[in-house]
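S.K.: Sharing a structure with you now.
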Amino acid sequence: MNQLALERSTTRKVTLRLIPFLFLCFVIAILDRVNIGFAALQMNEDLGFSNAVFGFGAGIFFLGYFLLEVPGSAMMTKIGARKWISRIMVTWALIAVAMAFVKTPMQFYTARFLLGVAEASFYPCMVAYLSGFYQTKHHAKAIAGFMLAIPGANALGAPLSTFLLGVNWLGMEGWQWLFVLEAIPSLILGVVCYFYLDDTIEAVKWLNKDEKQWLIDVTTKENLEKQQVKHYTFAQALKDRDVLILSAGYFCWMVGYYGINMFLPTISKGLSETTGLSTQNMGWILGLMYVCAMVALFLVGNHSDKKNERRWHVAVCLIVSAIAMMISSYVASTSIVLSFVFLTIALCGAFGAYSPFWAIPPSFLTGAAAGGAIALINSIGNLGGFFGPYIVGYIKDITGSFTTSMIFMGSSMILGSFIILVLVKQSGKALSQESEKKLEKSS
């Protein structure tokens, strides 16, 4: 078998083995993270929570996430992705069930904080794990493959969560069943993960001898080439200039992203009340909006790989998202349909930036250094998930509308696009054609 055919067969097997399973795991993670937005439609009234209380509780998840993200990733490099990801999923499932029984703001804050602690390092572990099984030139498509879970979870979660809000069994309200029933899949998948994943290429049994050797050779050679440019340890990667700047840009992006994501059900309910739209029908509309975001994420990831470019793809997506977000708030008073159209465009832009952005760190870092860098970027960035929802809720309580909040979130995303485009030196490009030819020749 020639090298091209070997590359295609190996990449196809890796993709079929890893992407669907990691996609499913990530769907459940995102679902358990953001279903709080739908629970708020009932929970806030039942428990007497204000928008500020809800925003703080929704955001404090990311404070716990921030504190344990880097230590968790360091632990993963010691004990292996299989055991660590399994532990994460089982732990967060148990805490997600506990969310159904909160009564006071302090209990709410505590449960959300512990959920963030439990889930910390899940995402960077998966990115680092996948980067070890793919050539650099396939990173954006591979990352896009399982990151489709982010809009996918929302597309599934919107109609599912609004349906569960109507369930009243055994004296428990719909929002309580929402937390319980959506946590069970993560418990099951956490156990399956332990037996399904392999920690290294050498340990896999689902590639034949030639495919396994080819993959070992090509990933080893790429890692050596990267290390000739930057050979970092885990700790050194945390101090890299571009890693820190990527973290700052991601923080600004997440302030806007999570501000809109956590409050989108509440915003949409306010818009739909003028048309008499039911909660269940609103769920289907939100699901369709996230399906559009899935398509955008996939297309941008493919185009980024095809053009071998990352930063402009990220910046353009974030700017489009920010502008659409602000326009949607201004047209809401004249056209509900047009407002939802611009909200959909805002979601497409925010999600489309994901795959080219996360293809940048593995393009110049390897192994534990890549895992540490991804963890740091994700932890600092997701602090924006703490500030965004809280500030949005606070502004809403003061002004009585989401218009000012939309301007704030959009401005933050534009600032993030500027930081990533102008200040980051790493291009995130795959290996040069000359390097590819050298690798093929040496193989």
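Just remember, in the structure tokens the first chain shown is A, the second B, etc., residues are 1-based per chain, and ligands are 1-based in the order shown.
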Listing only residues of region 300-388 of chain A within 12 Å of region 149-164 of chain A, what is the closest atom pair and its distance in Å (to one decimal) for each, using only C-alpha atoms, sorted by chain and residue number ascending, as JSON lines?

M.R.:
{"residue": "A:Thr344", "atom": "CA", "partner": "A:Pro151", "partner_atom": "CA", "distance": 11.4}
{"residue": "A:Leu347", "atom": "CA", "partner": "A:Pro151", "partner_atom": "CA", "distance": 8.6}
{"residue": "A:Cys348", "atom": "CA", "partner": "A:Pro151", "partner_atom": "CA", "distance": 9.0}
{"residue": "A:Gly349", "atom": "CA", "partner": "A:Pro151", "partner_atom": "CA", "distance": 11.6}
{"residue": "A:Ala350", "atom": "CA", "partner": "A:Pro151", "partner_atom": "CA", "distance": 10.1}
{"residue": "A:Phe351", "atom": "CA", "partner": "A:Pro151", "partner_atom": "CA", "distance": 7.3}
{"residue": "A:Gly352", "atom": "CA", "partner": "A:Pro151", "partner_atom": "CA", "distance": 10.0}
{"residue": "A:Tyr354", "atom": "CA", "partner": "A:Ile150", "partner_atom": "CA", "distance": 9.7}
{"residue": "A:Ser355", "atom": "CA", "partner": "A:Ile150", "partner_atom": "CA", "distance": 11.3}

S.K.: Save out the residues we just selected, N, CA and C atoms, as a PDB file, in the first residue's frame.

M.R.:
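Written out: result33.pdb:
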ATOM      1  N   THR A 344     -29.377  34.036  15.054  1.00  0.00           N
ATOM      2  CA  THR A 344     -28.845  32.816  14.429  1.00  0.00           C
ATOM      3  C   THR A 344     -27.481  33.092  13.795  1.00  0.00           C
ATOM      4  N   LEU A 347     -24.887  33.280  16.499  1.00  0.00           N
ATOM      5  CA  LEU A 347     -24.487  31.949  16.954  1.00  0.00           C
ATOM      6  C   LEU A 347     -23.545  31.290  15.950  1.00  0.00           C
ATOM      7  N   CYS A 348     -23.851  31.415  14.667  1.00  0.00           N
ATOM      8  CA  CYS A 348     -23.005  30.811  13.623  1.00  0.00           C
ATOM      9  C   CYS A 348     -21.587  31.376  13.682  1.00  0.00           C
ATOM     10  N   GLY A 349     -21.470  32.683  13.870  1.00  0.00           N
ATOM     11  CA  GLY A 349     -20.152  33.291  13.955  1.00  0.00           C
ATOM     12  C   GLY A 349     -19.390  32.854  15.189  1.00  0.00           C
ATOM     13  N   ALA A 350     -20.075  32.836  16.338  1.00  0.00           N
ATOM     14  CA  ALA A 350     -19.425  32.460  17.595  1.00  0.00           C
ATOM     15  C   ALA A 350     -18.940  31.016  17.567  1.00  0.00           C
ATOM     16  N   PHE A 351     -19.720  30.121  16.974  1.00  0.00           N
ATOM     17  CA  PHE A 351     -19.326  28.717  16.898  1.00  0.00           C
ATOM     18  C   PHE A 351     -18.330  28.456  15.778  1.00  0.00           C
ATOM     19  N   GLY A 352     -18.456  29.190  14.675  1.00  0.00           N
ATOM     20  CA  GLY A 352     -17.570  28.972  13.536  1.00  0.00           C
ATOM     21  C   GLY A 352     -16.113  29.211  13.861  1.00  0.00           C
ATOM     22  N   TYR A 354     -14.494  28.342  16.499  1.00  0.00           N
ATOM     23  CA  TYR A 354     -13.912  27.344  17.392  1.00  0.00           C
ATOM     24  C   TYR A 354     -12.804  26.500  16.759  1.00  0.00           C
ATOM     25  N   SER A 355     -13.101  25.829  15.659  1.00  0.00           N
ATOM     26  CA  SER A 355     -12.137  24.856  15.128  1.00  0.00           C
ATOM     27  C   SER A 355     -10.837  25.498  14.646  1.00  0.00           C
TER      28      SER A 355
END

S.K.: Nearest to Thr10 (chain A) among A:Tyr330, A:Trp312, A:Phe133, A:Tyr258, with distances taken over only C-alpha atoms: which residue is it?

M.R.: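 Ranking A:Tyr330, A:Trp312, A:Phe133, A:Tyr258 by distance to Thr10 (chain A), first place goes to A:Phe133.
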
S.K.: List as a list in words the protein and nucleic acid residues near region 64-67 of chain A, meaning an atom at most 9 Å away when only C-alpha atoms are counted, but skip any in the same chain fewer than 4 places from it.

M.R.: Ile60, Pro71, Arg112, Phe113, Leu114, Leu115, Gly116, Val117, Ala118, Glu119, Ala120, Ser121, Leu376, Asn378, Ser379, Ile380, Gly381, Asn382 and Leu383 of chain A

S.K.: Would you put the residues from that selection into a file with N, CA and C atoms, as a PDB file, in the first residue's frame?

M.R.:
ATOM      1  N   ILE A  60     -20.564  30.949  37.951  1.00  0.00           N
ATOM      2  CA  ILE A  60     -19.593  30.466  38.936  1.00  0.00           C
ATOM      3  C   ILE A  60     -19.085  29.067  38.584  1.00  0.00           C
ATOM      4  N   PRO A  71      -4.324  21.988  36.681  1.00  0.00           N
ATOM      5  CA  PRO A  71      -3.955  20.800  37.473  1.00  0.00           C
ATOM      6  C   PRO A  71      -4.567  19.514  36.945  1.00  0.00           C
ATOM      7  N   ARG A 112     -23.159  24.588  41.371  1.00  0.00           N
ATOM      8  CA  ARG A 112     -22.598  24.993  40.080  1.00  0.00           C
ATOM      9  C   ARG A 112     -21.076  25.075  40.136  1.00  0.00           C
ATOM     10  N   PHE A 113     -20.552  25.576  41.245  1.00  0.00           N
ATOM     11  CA  PHE A 113     -19.099  25.646  41.414  1.00  0.00           C
ATOM     12  C   PHE A 113     -18.485  24.243  41.382  1.00  0.00           C
ATOM     13  N   LEU A 114     -19.089  23.309  42.113  1.00  0.00           N
ATOM     14  CA  LEU A 114     -18.569  21.932  42.157  1.00  0.00           C
ATOM     15  C   LEU A 114     -18.710  21.245  40.800  1.00  0.00           C
ATOM     16  N   LEU A 115     -19.749  21.592  40.042  1.00  0.00           N
ATOM     17  CA  LEU A 115     -19.901  21.027  38.699  1.00  0.00           C
ATOM     18  C   LEU A 115     -18.744  21.480  37.807  1.00  0.00           C
ATOM     19  N   GLY A 116     -18.345  22.745  37.954  1.00  0.00           N
ATOM     20  CA  GLY A 116     -17.190  23.253  37.206  1.00  0.00           C
ATOM     21  C   GLY A 116     -15.905  22.568  37.618  1.00  0.00           C
ATOM     22  N   VAL A 117     -15.743  22.338  38.915  1.00  0.00           N
ATOM     23  CA  VAL A 117     -14.567  21.618  39.419  1.00  0.00           C
ATOM     24  C   VAL A 117     -14.519  20.208  38.840  1.00  0.00           C
ATOM     25  N   ALA A 118     -15.668  19.534  38.810  1.00  0.00           N
ATOM     26  CA  ALA A 118     -15.731  18.149  38.321  1.00  0.00           C
ATOM     27  C   ALA A 118     -15.408  18.059  36.835  1.00  0.00           C
ATOM     28  N   GLU A 119     -15.892  19.036  36.057  1.00  0.00           N
ATOM     29  CA  GLU A 119     -15.718  18.969  34.600  1.00  0.00           C
ATOM     30  C   GLU A 119     -14.390  19.557  34.138  1.00  0.00           C
ATOM     31  N   ALA A 120     -13.668  20.247  35.022  1.00  0.00           N
ATOM     32  CA  ALA A 120     -12.414  20.907  34.649  1.00  0.00           C
ATOM     33  C   ALA A 120     -11.449  19.942  33.974  1.00  0.00           C
ATOM     34  N   SER A 121     -10.835  20.399  32.895  1.00  0.00           N
ATOM     35  CA  SER A 121      -9.836  19.698  32.072  1.00  0.00           C
ATOM     36  C   SER A 121     -10.436  18.705  31.087  1.00  0.00           C
ATOM     37  N   LEU A 376      -4.543  25.968  29.894  1.00  0.00           N
ATOM     38  CA  LEU A 376      -4.440  27.343  30.378  1.00  0.00           C
ATOM     39  C   LEU A 376      -5.335  28.275  29.564  1.00  0.00           C
ATOM     40  N   ASN A 378      -7.977  27.523  27.851  1.00  0.00           N
ATOM     41  CA  ASN A 378      -9.375  27.212  28.113  1.00  0.00           C
ATOM     42  C   ASN A 378      -9.817  27.694  29.491  1.00  0.00           C
ATOM     43  N   SER A 379      -8.931  27.568  30.494  1.00  0.00           N
ATOM     44  CA  SER A 379      -9.318  27.963  31.853  1.00  0.00           C
ATOM     45  C   SER A 379      -9.444  29.483  31.971  1.00  0.00           C
ATOM     46  N   ILE A 380      -8.446  30.221  31.451  1.00  0.00           N
ATOM     47  CA  ILE A 380      -8.523  31.677  31.496  1.00  0.00           C
ATOM     48  C   ILE A 380      -9.673  32.174  30.625  1.00  0.00           C
ATOM     49  N   GLY A 381      -9.799  31.584  29.441  1.00  0.00           N
ATOM     50  CA  GLY A 381     -10.887  31.986  28.554  1.00  0.00           C
ATOM     51  C   GLY A 381     -12.244  31.774  29.173  1.00  0.00           C
ATOM     52  N   ASN A 382     -12.404  30.636  29.834  1.00  0.00           N
ATOM     53  CA  ASN A 382     -13.710  30.333  30.406  1.00  0.00           C
ATOM     54  C   ASN A 382     -14.031  31.134  31.650  1.00  0.00           C
ATOM     55  N   LEU A 383     -13.062  31.898  32.176  1.00  0.00           N
ATOM     56  CA  LEU A 383     -13.414  32.885  33.192  1.00  0.00           C
ATOM     57  C   LEU A 383     -14.397  33.897  32.600  1.00  0.00           C
TER      58      LEU A 383
END

S.K.: Using only C-alpha atoms, which protein or nucleic acid residues come within 7 Å of region 20-25 of chain A? Drop anything in the same chain fewer than 3 positions from it, and give the result as a ChimeraX atom specification.

M.R.: /A:16-17,28-29,146-147,149,189

S.K.: Pick the closest to Pro124 (chain A) from A:Val192, A:Met172, A:Leu288, A:Ala375: which is it, counting only C-alpha atoms?

M.R.: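 Comparing A:Val192, A:Met172, A:Leu288, A:Ala375 against Pro124 (chain A), the winner is A:Ala375.
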
S.K.: Residues at most 10 Å from region 195-197 of chain A, counting only C-alpha atoms, excluding those fewer than 2 positions away in the same chain, as a PyMOL selection string?

M.R.: chain A and resi 17-18+21-22+81-83+85-86+189-193+199-200+203-204

S.K.: Which is closer to Val255 (chain A) than all the others in A:Leu421, A:Val14, A:Val53, A:Leu318, using only C-alpha atoms?

M.R.: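 Using only C-alpha atoms, Val255 (chain A) sits closest to A:Leu318.
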
S.K.: For the atom pair CA of Phe38 (chain A) and CA of Val320 (chain A), what is the interatomic distance in Å to one decimal place?

M.R.: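 Distance between the two atoms: 25.9 Å.
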
S.K.: Enter the distance from CA of Gly166 (chain A) to CA of Leu178 (chain A), in Å, rounded to one decimal.

M.R.: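 Pair CA of Gly166 (chain A) / CA of Leu178 (chain A) returns 9.6 Å.
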
S.K.: Neighbours of Ala324 (chain A) within 12 Å (only C-alpha atoms; same-chain residues fewer than 6 positions away dropped), as a list in words?

M.R.: Ile260, Cys317, Leu318, Tyr330, Val331, Leu338, Ser339, Phe340, Val341, Phe342, Leu343, Thr344, Ile345, Ala346, Leu347, Cys348, Gly349, Ala350, Met406, Ile407, Met409, Gly410, Ser411, Met413 and Ile414 of chain A

S.K.: Write the residues of the selection above to a file with N, CA, C and O atoms, as a CSV table (one decimal), in the first residue's frame.

M.R.:
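After the write, result_15.csv holds the following:
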chain,number,residue,atom,x,y,z
A,260,ILE,N,-24.5,35.4,25.9
A,260,ILE,CA,-25.7,35.1,25.0
A,260,ILE,C,-26.2,33.7,25.2
A,260,ILE,O,-27.4,33.4,25.2
A,317,CYS,N,-15.2,35.5,11.9
A,317,CYS,CA,-16.3,34.8,12.6
A,317,CYS,C,-16.8,35.6,13.8
A,317,CYS,O,-18.0,35.9,14.0
A,318,LEU,N,-15.8,36.1,14.6
A,318,LEU,CA,-16.2,36.8,15.9
A,318,LEU,C,-16.8,38.2,15.6
A,318,LEU,O,-17.7,38.6,16.2
A,330,TYR,N,-31.6,45.6,18.3
A,330,TYR,CA,-32.2,46.9,17.8
A,330,TYR,C,-33.4,46.6,16.9
A,330,TYR,O,-34.4,47.4,16.9
A,331,VAL,N,-33.5,45.5,16.2
A,331,VAL,CA,-34.6,45.2,15.3
A,331,VAL,C,-35.7,44.4,16.0
A,331,VAL,O,-36.8,44.2,15.5
A,338,LEU,N,-36.9,38.9,12.2
A,338,LEU,CA,-35.6,39.4,11.8
A,338,LEU,C,-34.6,39.4,13.0
A,338,LEU,O,-33.4,39.1,12.8
A,339,SER,N,-35.1,39.6,14.2
A,339,SER,CA,-34.3,39.5,15.4
A,339,SER,C,-33.7,38.1,15.6
A,339,SER,O,-32.6,37.9,15.9
A,340,PHE,N,-34.6,37.1,15.4
A,340,PHE,CA,-34.2,35.7,15.5
A,340,PHE,C,-33.2,35.3,14.4
A,340,PHE,O,-32.2,34.6,14.6
A,341,VAL,N,-33.3,35.9,13.2
A,341,VAL,CA,-32.4,35.7,12.1
A,341,VAL,C,-31.0,36.2,12.5
A,341,VAL,O,-30.0,35.5,12.3
A,342,PHE,N,-30.9,37.4,13.0
A,342,PHE,CA,-29.6,37.9,13.4
A,342,PHE,C,-29.0,37.2,14.6
A,342,PHE,O,-27.8,37.0,14.7
A,343,LEU,N,-29.9,36.7,15.5
A,343,LEU,CA,-29.4,35.9,16.6
A,343,LEU,C,-28.8,34.6,16.1
A,343,LEU,O,-27.8,34.1,16.6
A,344,THR,N,-29.4,34.0,15.1
A,344,THR,CA,-28.8,32.8,14.4
A,344,THR,C,-27.5,33.1,13.8
A,344,THR,O,-26.5,32.3,13.9
A,345,ILE,N,-27.4,34.2,13.1
A,345,ILE,CA,-26.1,34.6,12.5
A,345,ILE,C,-25.0,34.8,13.6
A,345,ILE,O,-23.9,34.4,13.4
A,346,ALA,N,-25.4,35.4,14.7
A,346,ALA,CA,-24.5,35.6,15.9
A,346,ALA,C,-24.0,34.3,16.4
A,346,ALA,O,-22.8,34.1,16.7
A,347,LEU,N,-24.9,33.3,16.5
A,347,LEU,CA,-24.5,31.9,17.0
A,347,LEU,C,-23.5,31.3,16.0
A,347,LEU,O,-22.6,30.7,16.3
A,348,CYS,N,-23.9,31.4,14.7
A,348,CYS,CA,-23.0,30.8,13.6
A,348,CYS,C,-21.6,31.4,13.7
A,348,CYS,O,-20.6,30.6,13.6
A,349,GLY,N,-21.5,32.7,13.9
A,349,GLY,CA,-20.2,33.3,14.0
A,349,GLY,C,-19.4,32.9,15.2
A,349,GLY,O,-18.2,32.5,15.1
A,350,ALA,N,-20.1,32.8,16.3
A,350,ALA,CA,-19.4,32.5,17.6
A,350,ALA,C,-18.9,31.0,17.6
A,350,ALA,O,-17.9,30.7,18.1
A,406,MET,N,-26.3,43.3,25.0
A,406,MET,CA,-25.8,42.9,23.7
A,406,MET,C,-24.7,43.7,23.2
A,406,MET,O,-23.7,43.2,22.6
A,407,ILE,N,-24.7,45.0,23.4
A,407,ILE,CA,-23.6,45.9,23.0
A,407,ILE,C,-22.4,45.5,23.8
A,407,ILE,O,-21.3,45.5,23.2
A,409,MET,N,-21.6,42.6,25.1
A,409,MET,CA,-21.0,41.3,24.7
A,409,MET,C,-20.4,41.4,23.3
A,409,MET,O,-19.3,40.8,23.0
A,410,GLY,N,-21.1,42.2,22.4
A,410,GLY,CA,-20.5,42.3,21.1
A,410,GLY,C,-19.2,43.0,21.1
A,410,GLY,O,-18.2,42.6,20.4
A,411,SER,N,-19.0,44.1,21.9
A,411,SER,CA,-17.8,44.8,22.0
A,411,SER,C,-16.7,43.9,22.5
A,411,SER,O,-15.5,44.0,22.1
A,413,MET,N,-16.4,40.7,22.1
A,413,MET,CA,-16.0,39.7,21.1
A,413,MET,C,-15.1,40.4,20.0
A,413,MET,O,-14.2,39.8,19.5
A,414,ILE,N,-15.5,41.6,19.7
A,414,ILE,CA,-14.6,42.4,18.7
A,414,ILE,C,-13.2,42.6,19.3
A,414,ILE,O,-12.2,42.5,18.5

S.K.: I need the residues in region 49-252 of chain A that are helix (DSSP H, G or I) according to DSSP; give them as JSON, numbers by chain.

M.R.: {"A": [51, 52, 53, 54, 55, 56, 57, 58, 59, 60, 61, 62, 63, 64, 65, 66, 67, 68, 69, 70, 71, 72, 73, 74, 75, 76, 77, 78, 79, 81, 82, 83, 84, 85, 86, 87, 88, 89, 90, 91, 92, 93, 94, 95, 96, 97, 98, 99, 100, 101, 105, 106, 107, 108, 109, 110, 111, 112, 113, 114, 115, 116, 117, 118, 119, 122, 123, 124, 125, 126, 127, 128, 129, 130, 131, 136, 137, 138, 139, 140, 141, 142, 143, 144, 145, 146, 147, 149, 150, 151, 152, 153, 154, 155, 156, 157, 158, 159, 160, 161, 162, 163, 164, 174, 175, 176, 177, 178, 179, 180, 181, 182, 183, 184, 185, 186, 187, 188, 189, 190, 191, 192, 193, 194, 195, 196, 201, 202, 203, 209, 210, 211, 212, 213, 214, 215, 216, 217, 218, 219, 220, 221, 222, 223, 224, 225, 226, 227, 228, 229, 234, 235, 236, 237, 241, 242, 243, 244, 245, 246, 247, 248, 249, 250, 251, 252]}

S.K.: Can you tell me, as a ChimeraX atom specification, what residues are no more than 9 Å from Leu215 (chain A) when counting only C-alpha atoms, ignoring any on the same chain fewer than 6 positions away?

M.R.: /A:7,10-11,133-135,201
